[in-house]
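Everything below concerns the one structure shown next.
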Amino acid sequence: MANQVIKCKAAVAWEAGKPLSIEEIEVAPPKSHEVRIKIIATAVCHTDAYTLSGADPEGCFPVILGHEGAGIVESVGEGVTKVKAGDTVIPLYIPQCGECKFCLNPKTNLCQKIRVTQGKGLMPDGTSRFTCKGKTILHYMGTSTFSEYTVVADISVAKIDPLAPLDKVCLLGCGISTGYGAAINTAKVEPGSTCAIFGLGGVGLATIMGCKVAGASRIIGVDINKDKFARAKEFGASECVNPQDFSKPIQEVLVEMTDGGVDYSFECIGNVKVMRAALEACHKGWGVSVVVGVAASGEEISTRPFQLVTGCTWKGTAFGGWKSVESIPKLVSEYMSKKIKVDEFVTHNLSFDQINDAFELMHAGKSIRTVVKV
């Protein structure tokens, strides 16, 4: 099928706020420096739901969502050298061109090479590879994994171990890598540290895992859903607290529990009030708080400047700070050697036709990650 249009199934978001619709679409062959991938498995993330809700200012419709997937290269366009047909890959929503000033700076992973077109739902040449019923369908986050076949830029793909189970390692395309890297790369948690993780969904659990791998001695999980506490402890939390069980702000509770505050805190929800609580739960003089959750567009954070003057640091992270093309294969290897957990994040497996059920499970708080077999 190389150089030919492929007809296949995809879950199309025709408009905001409506369920996805399983449609037959046409996927054009890859152009220069593009890769066409047969998606084997994809997971559903809160970011997909945020865009589908209509709240995302970059959200454009109709679109094929999905950014946590894994598959096999079907064909490549001219000039592609890093991957070939048959390679096992994970598509990347943060690319790594290796040439822009961001890629050349060790302090960041935010490659900007194709940022402008990606944000508009287009390939780097300003066009789409998807059509359905005569209409152009947009790409999403440079990945569009809710389709049997997708086309991505060659800088947006990581070649991984062909023995890796794709219905598990697809999760390394977003959530697990984000939380794990927040602890390892962004906070650089040290052995013996005390940490607090706000929000015990998939990203929060991955952050707990990162803190544990880094050698933290006390890891406190914070969530208003106590049903999440048992799993958080399986991932390495030493204790969990529910803010609703206290009459005073949770940051005051944590400061008392930890003799002055935690060394590192992580906000894994995207709630600006919780971001403030996470910062104010940090220890004076050296505490570091990392914003991992993505707040809605237009939201603003606040705290008293005295928090920063007296030595607390407020940071943020995207995709856990991993330079994507070079790091994802290493994370897959860490999973294969059992250094990091991945299987344990998968709470549900569904068929492609049940993809809307995956969103419902997530909204109901019943799932950590639902993997959809494409």
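Residues in the structure tokens are numbered from 1 in each chain, the chains being A, B, ... in the order shown, and ligands are numbered from 1 in the order shown.
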
Name the residues of stretch 71-103 of chain A that come out as strand (DSSP E or B) in a backbone DSSP run; write them as a PDB file with N, CA and C atoms, in the first residue's frame.
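Full text of out-v7.pdb as output:
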ATOM      1  N   GLY A  71       2.524   1.611  17.407  1.00  0.00           N
ATOM      2  CA  GLY A  71       2.193   0.873  16.194  1.00  0.00           C
ATOM      3  C   GLY A  71       3.419   0.458  15.397  1.00  0.00           C
ATOM      4  N   ILE A  72       3.164   0.133  14.126  1.00  0.00           N
ATOM      5  CA  ILE A  72       4.196  -0.360  13.212  1.00  0.00           C
ATOM      6  C   ILE A  72       4.257   0.574  12.007  1.00  0.00           C
ATOM      7  N   VAL A  73       5.464   0.938  11.596  1.00  0.00           N
ATOM      8  CA  VAL A  73       5.604   1.790  10.412  1.00  0.00           C
ATOM      9  C   VAL A  73       5.116   1.025   9.181  1.00  0.00           C
ATOM     10  N   GLU A  74       4.161   1.625   8.455  1.00  0.00           N
ATOM     11  CA  GLU A  74       3.629   1.014   7.228  1.00  0.00           C
ATOM     12  C   GLU A  74       4.461   1.458   6.030  1.00  0.00           C
ATOM     13  N   SER A  75       4.783   2.744   5.961  1.00  0.00           N
ATOM     14  CA  SER A  75       5.617   3.254   4.871  1.00  0.00           C
ATOM     15  C   SER A  75       6.200   4.597   5.282  1.00  0.00           C
ATOM     16  N   VAL A  76       7.222   5.021   4.556  1.00  0.00           N
ATOM     17  CA  VAL A  76       7.857   6.311   4.857  1.00  0.00           C
ATOM     18  C   VAL A  76       7.972   7.136   3.588  1.00  0.00           C
ATOM     19  N   THR A  88       8.855  -0.883  14.905  1.00  0.00           N
ATOM     20  CA  THR A  88       7.899  -0.666  15.988  1.00  0.00           C
ATOM     21  C   THR A  88       8.146   0.728  16.565  1.00  0.00           C
ATOM     22  N   VAL A  89       7.079   1.515  16.674  1.00  0.00           N
ATOM     23  CA  VAL A  89       7.256   2.924  17.036  1.00  0.00           C
ATOM     24  C   VAL A  89       6.175   3.444  17.983  1.00  0.00           C
ATOM     25  N   ILE A  90       6.534   4.555  18.645  1.00  0.00           N
ATOM     26  CA  ILE A  90       5.572   5.343  19.420  1.00  0.00           C
ATOM     27  C   ILE A  90       5.554   6.742  18.819  1.00  0.00           C
ATOM     28  N   PRO A  91       4.366   7.234  18.385  1.00  0.00           N
ATOM     29  CA  PRO A  91       4.279   8.611  17.889  1.00  0.00           C
ATOM     30  C   PRO A  91       4.429   9.595  19.053  1.00  0.00           C
TER      31      PRO A  91
END

Please identify all polymer residues within 7 Å of A:Pro329, counting only C-alpha atoms, omitting same-chain residues fewer than 2 positions from it, and present them as a short mmCIF file (atom, residue, chain, number, x, y, z; two decimals) with N, CA and C atoms, in the first residue's frame.
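File selection.cif, as written:
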data_model
loop_
_atom_site.label_atom_id
_atom_site.label_comp_id
_atom_site.auth_asym_id
_atom_site.auth_seq_id
_atom_site.Cartn_x
_atom_site.Cartn_y
_atom_site.Cartn_z
N ALA A 158 9.39 7.69 17.70
CA ALA A 158 10.49 7.02 18.40
C ALA A 158 10.47 5.54 18.07
N LYS A 159 11.58 5.03 17.60
CA LYS A 159 11.70 3.60 17.30
C LYS A 159 12.00 2.86 18.58
N ILE A 160 11.22 1.81 18.87
CA ILE A 160 11.36 1.11 20.14
C ILE A 160 11.60 -0.40 19.93
N GLU A 326 15.01 10.44 21.73
CA GLU A 326 16.10 9.69 22.36
C GLU A 326 15.68 9.03 23.67
N SER A 327 14.66 9.56 24.34
CA SER A 327 14.32 9.06 25.67
C SER A 327 13.29 7.94 25.69
N LEU A 331 12.96 4.48 27.98
CA LEU A 331 11.87 4.20 28.93
C LEU A 331 11.25 2.84 28.63
N VAL A 332 11.11 2.51 27.35
CA VAL A 332 10.60 1.19 26.98
C VAL A 332 11.55 0.11 27.51
N SER A 333 12.85 0.34 27.41
CA SER A 333 13.83 -0.62 27.92
C SER A 333 13.74 -0.75 29.44
#

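Within stretch 41-87 of chain A, DSSP applied to the backbone places the following residues in helix (DSSP H, G or I): A:His46, A:Thr47, A:Asp48, A:Ala49, A:Tyr50, A:Thr51, A:Leu52, A:Ser53.
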
Just-selected residues, C-alpha atoms written as an mmCIF file, in the first residue's frame:
data_model
loop_
_atom_site.group_PDB
_atom_site.id
_atom_site.type_symbol
_atom_site.label_atom_id
_atom_site.label_comp_id
_atom_site.auth_asym_id
_atom_site.auth_seq_id
_atom_site.Cartn_x
_atom_site.Cartn_y
_atom_site.Cartn_z
ATOM 1 C CA HIS A 46 -7.654 13.708 29.850
ATOM 2 C CA THR A 47 -6.091 15.971 27.213
ATOM 3 C CA ASP A 48 -8.175 14.254 24.517
ATOM 4 C CA ALA A 49 -11.295 14.859 26.606
ATOM 5 C CA TYR A 50 -10.308 18.504 27.224
ATOM 6 C CA THR A 51 -10.086 19.156 23.477
ATOM 7 C CA LEU A 52 -13.279 17.219 22.743
ATOM 8 C CA SER A 53 -15.143 19.288 25.364
#

Taking 2 positions as the minimum chain separation for residues in the same chain, which residues sit within 8 Å of stretch 6-20 of chain A when counting only C-alpha atoms? Answer as a compact mmCIF listing (two decimals) with C-alpha atoms, in the first residue's frame.
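Dumped everything to part33.txt:
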# COMPACT_ATOMS: atom_id res chain seq x y z
CA MET A 1 0.00 0.00 0.00
CA GLN A 4 -1.36 4.58 -2.12
CA ILE A 22 -16.41 5.49 13.98
CA GLU A 23 -16.03 6.28 10.27
CA GLU A 24 -14.25 4.98 7.20
CA ILE A 25 -11.57 7.52 6.29
CA GLU A 26 -8.89 7.89 3.64
CA VAL A 27 -5.27 8.25 4.76
CA ALA A 28 -2.96 9.70 2.12
CA PRO A 29 0.57 8.35 1.70
CA THR A 51 -10.09 19.16 23.48
CA LEU A 52 -13.28 17.22 22.74
CA SER A 53 -15.14 19.29 25.36
CA GLY A 54 -14.57 22.46 23.34
CA PHE A 61 -12.87 20.25 14.24
CA PRO A 62 -13.45 17.85 12.56
CA VAL A 63 -10.41 16.06 13.96
CA ILE A 64 -8.96 12.66 14.80
CA LEU A 65 -7.87 12.84 18.44
CA PHE A 146 -7.56 7.20 17.22
CA SER A 147 -7.21 5.77 13.71
CA GLU A 148 -6.11 2.45 12.22
CA TYR A 149 -3.52 4.40 10.22
CA ILE A 355 -13.82 4.11 22.42
CA ASN A 356 -16.56 6.41 23.75

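Among A:Thr194, A:Phe306, A:Asp125, A:Gly320, the residue with the shortest atom-to-atom distance to A:Asp259, counting only C-alpha atoms, is A:Thr194.
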
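Comparing A:Lys373, A:Lys366, A:Lys120, A:Arg276 by their smallest distance to A:Lys228, the closest is A:Lys366 (using only C-alpha atoms).
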
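Residue nearest A:Ala230, chosen from A:Asp263, A:Val152, A:Leu205, A:Ile184 and counting only C-alpha atoms: A:Leu205.
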
Nearby residues (only C-alpha atoms) at most 10 Å from A:Trp322, same-chain spacing under 6 positions excluded, as a CSV table (one decimal) with N, CA, C and O atoms, in the first residue's frame:
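Below is the file result.csv, written as the result:
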chain,number,residue,atom,x,y,z
A,94,ILE,N,5.5,15.7,21.4
A,94,ILE,CA,6.6,16.7,21.4
A,94,ILE,C,7.7,16.0,20.6
A,94,ILE,O,8.2,15.0,21.0
A,96,GLN,N,11.4,15.8,18.4
A,96,GLN,CA,12.8,16.2,18.6
A,96,GLN,C,13.5,16.2,17.3
A,96,GLN,O,13.9,15.2,16.8
A,108,THR,N,15.8,22.0,28.1
A,108,THR,CA,14.4,21.8,27.7
A,108,THR,C,14.2,20.7,26.7
A,108,THR,O,15.1,20.3,26.0
A,109,ASN,N,13.0,20.2,26.6
A,109,ASN,CA,12.6,19.2,25.6
A,109,ASN,C,11.6,19.7,24.6
A,109,ASN,O,11.0,19.0,23.9
A,110,LEU,N,11.3,21.0,24.7
A,110,LEU,CA,10.2,21.6,23.9
A,110,LEU,C,10.6,22.0,22.5
A,110,LEU,O,10.7,23.1,22.1
A,177,SER,N,5.2,8.7,31.1
A,177,SER,CA,6.4,9.5,30.9
A,177,SER,C,6.4,10.8,31.6
A,177,SER,O,7.4,11.3,32.1
A,178,THR,N,5.2,11.5,31.5
A,178,THR,CA,5.0,12.8,32.1
A,178,THR,C,5.2,12.8,33.6
A,178,THR,O,6.0,13.6,34.1
A,180,TYR,N,6.5,10.4,35.6
A,180,TYR,CA,7.8,9.8,36.0
A,180,TYR,C,8.9,10.8,35.8
A,180,TYR,O,9.7,11.1,36.7
A,181,GLY,N,8.9,11.5,34.6
A,181,GLY,CA,9.9,12.5,34.4
A,181,GLY,C,9.8,13.8,35.2
A,181,GLY,O,10.8,14.4,35.5
A,182,ALA,N,8.5,14.1,35.7
A,182,ALA,CA,8.4,15.2,36.6
A,182,ALA,C,9.2,15.1,37.8
A,182,ALA,O,9.8,16.0,38.3
A,184,ILE,N,11.8,12.6,38.2
A,184,ILE,CA,13.2,12.3,37.9
A,184,ILE,C,14.0,13.5,37.2
A,184,ILE,O,15.1,13.8,37.6
A,185,ASN,N,13.4,14.1,36.2
A,185,ASN,CA,14.1,15.2,35.5
A,185,ASN,C,13.8,16.6,36.0
A,185,ASN,O,14.7,17.4,36.1
A,186,THR,N,12.5,16.9,36.2
A,186,THR,CA,12.2,18.3,36.5
A,186,THR,C,12.5,18.6,38.0
A,186,THR,O,13.2,19.6,38.3
A,328,ILE,N,12.3,8.0,24.8
A,328,ILE,CA,11.2,7.0,24.8
A,328,ILE,C,11.8,5.6,24.7
A,328,ILE,O,11.3,4.7,25.4
A,331,LEU,N,13.0,4.5,28.0
A,331,LEU,CA,11.9,4.2,28.9
A,331,LEU,C,11.2,2.8,28.6
A,331,LEU,O,10.9,2.1,29.6

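Between A:Lys273 and the residues A:Gly175, A:Gly321, A:Gly293, A:Gly215, the shortest atom-to-atom distance, using only C-alpha atoms, involves A:Gly293.
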
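The residue that comes closest to A:Leu200, out of A:Thr303, A:Ser128, A:Asn225, A:Ser32 and on the basis of only C-alpha atoms, is A:Asn225.
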
Applying 8 Å and only C-alpha atoms, which residues near A:Gly199 remain after dropping the ones on its own chain fewer than 4 positions away? List them as a tab-separated table (two decimals) with N, CA, C and O atoms, in the first residue's frame.
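Below you can see around-v2.tsv, which holds the result:
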chain	number	residue	atom	x	y	z
A	204	GLY	N	-0.42	11.17	38.32
A	204	GLY	CA	-0.02	11.20	39.73
A	204	GLY	C	0.64	9.91	40.17
A	204	GLY	O	1.66	9.93	40.89
A	221	GLY	N	0.30	10.84	49.16
A	221	GLY	CA	-0.67	11.03	48.09
A	221	GLY	C	-1.82	11.88	48.59
A	221	GLY	O	-2.26	11.73	49.74
A	222	VAL	N	-2.29	12.80	47.76
A	222	VAL	CA	-3.39	13.70	48.14
A	222	VAL	C	-4.50	13.61	47.08
A	222	VAL	O	-4.23	13.85	45.90
A	223	ASP	N	-5.70	13.25	47.49
A	223	ASP	CA	-6.82	13.18	46.54
A	223	ASP	C	-8.13	13.21	47.32
A	223	ASP	O	-8.18	12.75	48.47
A	267	GLU	N	1.67	18.91	41.39
A	267	GLU	CA	0.25	19.07	41.11
A	267	GLU	C	-0.05	18.34	39.81
A	267	GLU	O	0.45	18.71	38.75
A	268	CYS	N	-0.83	17.27	39.91
A	268	CYS	CA	-1.09	16.40	38.76
A	268	CYS	C	-2.56	16.42	38.36
A	268	CYS	O	-3.13	15.39	37.98
A	269	ILE	N	-3.19	17.58	38.47
A	269	ILE	CA	-4.63	17.69	38.19
A	269	ILE	C	-4.90	18.73	37.10
A	269	ILE	O	-5.64	18.47	36.15

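Residues in contact with A:Met336 at 9 Å, where only C-alpha atoms are counted and same-chain residues fewer than 5 positions away are skipped, are listed as Asp161, Leu163, Ala164 and Leu331 of chain A.
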
Counting only C-alpha atoms, what is within 12 Å of A:Thr117, bar same-chain residues fewer than 3 positions away, as number ranges by chain? A: 58, 112-114, 120-128, 138-142, 153

Restricted to N, CA and C atoms, what would the selected residues look like written as a CSV table (one decimal), in the first residue's frame?
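Printed below is again-v8.csv as written:
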chain,number,residue,atom,x,y,z
A,58,GLU,N,-7.0,25.7,21.2
A,58,GLU,CA,-6.3,25.2,19.9
A,58,GLU,C,-7.2,24.1,19.3
A,112,GLN,N,10.5,23.1,18.8
A,112,GLN,CA,9.6,24.0,18.2
A,112,GLN,C,9.5,23.9,16.7
A,113,LYS,N,10.2,22.9,16.1
A,113,LYS,CA,10.3,22.9,14.7
A,113,LYS,C,9.0,22.9,13.9
A,114,ILE,N,8.0,22.1,14.5
A,114,ILE,CA,6.7,22.0,13.7
A,114,ILE,C,5.5,22.5,14.6
A,120,LYS,N,-2.3,23.9,14.6
A,120,LYS,CA,-3.4,24.1,13.7
A,120,LYS,C,-4.0,22.8,13.2
A,121,GLY,N,-3.5,21.7,13.6
A,121,GLY,CA,-4.0,20.4,13.2
A,121,GLY,C,-3.6,20.0,11.8
A,122,LEU,N,-2.4,20.5,11.4
A,122,LEU,CA,-1.9,20.2,10.1
A,122,LEU,C,-0.5,19.6,10.1
A,123,MET,N,-0.1,19.0,9.0
A,123,MET,CA,1.2,18.4,8.8
A,123,MET,C,2.2,19.6,8.6
A,124,PRO,N,3.5,19.4,8.6
A,124,PRO,CA,4.4,20.6,8.5
A,124,PRO,C,4.2,21.3,7.2
A,125,ASP,N,3.7,20.7,6.1
A,125,ASP,CA,3.5,21.5,4.9
A,125,ASP,C,2.2,22.2,4.8
A,126,GLY,N,1.5,22.2,6.0
A,126,GLY,CA,0.2,23.0,6.1
A,126,GLY,C,-1.0,22.3,5.5
A,127,THR,N,-0.9,21.0,5.3
A,127,THR,CA,-2.1,20.2,4.8
A,127,THR,C,-2.3,19.0,5.7
A,128,SER,N,-3.5,18.4,5.4
A,128,SER,CA,-3.8,17.2,6.2
A,128,SER,C,-3.7,15.9,5.3
A,138,LEU,N,-8.8,17.1,10.4
A,138,LEU,CA,-7.5,17.6,10.9
A,138,LEU,C,-6.8,16.6,11.8
A,139,HIS,N,-5.5,16.8,11.9
A,139,HIS,CA,-4.6,16.0,12.8
A,139,HIS,C,-4.7,16.6,14.2
A,140,TYR,N,-4.2,15.9,15.2
A,140,TYR,CA,-4.2,16.3,16.6
A,140,TYR,C,-2.9,16.0,17.3
A,141,MET,N,-2.3,17.1,17.8
A,141,MET,CA,-1.1,17.0,18.6
A,141,MET,C,0.1,16.3,17.8
A,142,GLY,N,-0.1,16.3,16.5
A,142,GLY,CA,0.9,15.7,15.6
A,142,GLY,C,0.9,14.2,15.6
A,153,ALA,N,5.1,13.5,11.4
A,153,ALA,CA,6.4,13.9,10.9
A,153,ALA,C,7.5,13.0,11.4

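The gap separating atom CA of A:Lys226 from atom CA of A:Phe246 is 13.7 Å, in Å to one decimal.
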
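Atom CA of A:Cys240 to atom CA of A:Gly287 spans 19.7 Å [interatomic distance, one decimal].
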
A:Pro106, A:Glu280, A:Val288, A:Met275: which is nearest A:Pro305, counting only C-alpha atoms? A:Glu280

Atom CA of A:Phe352 to atom CA of A:Cys45, distance in Å rounded to a single decimal: 15.2 Å
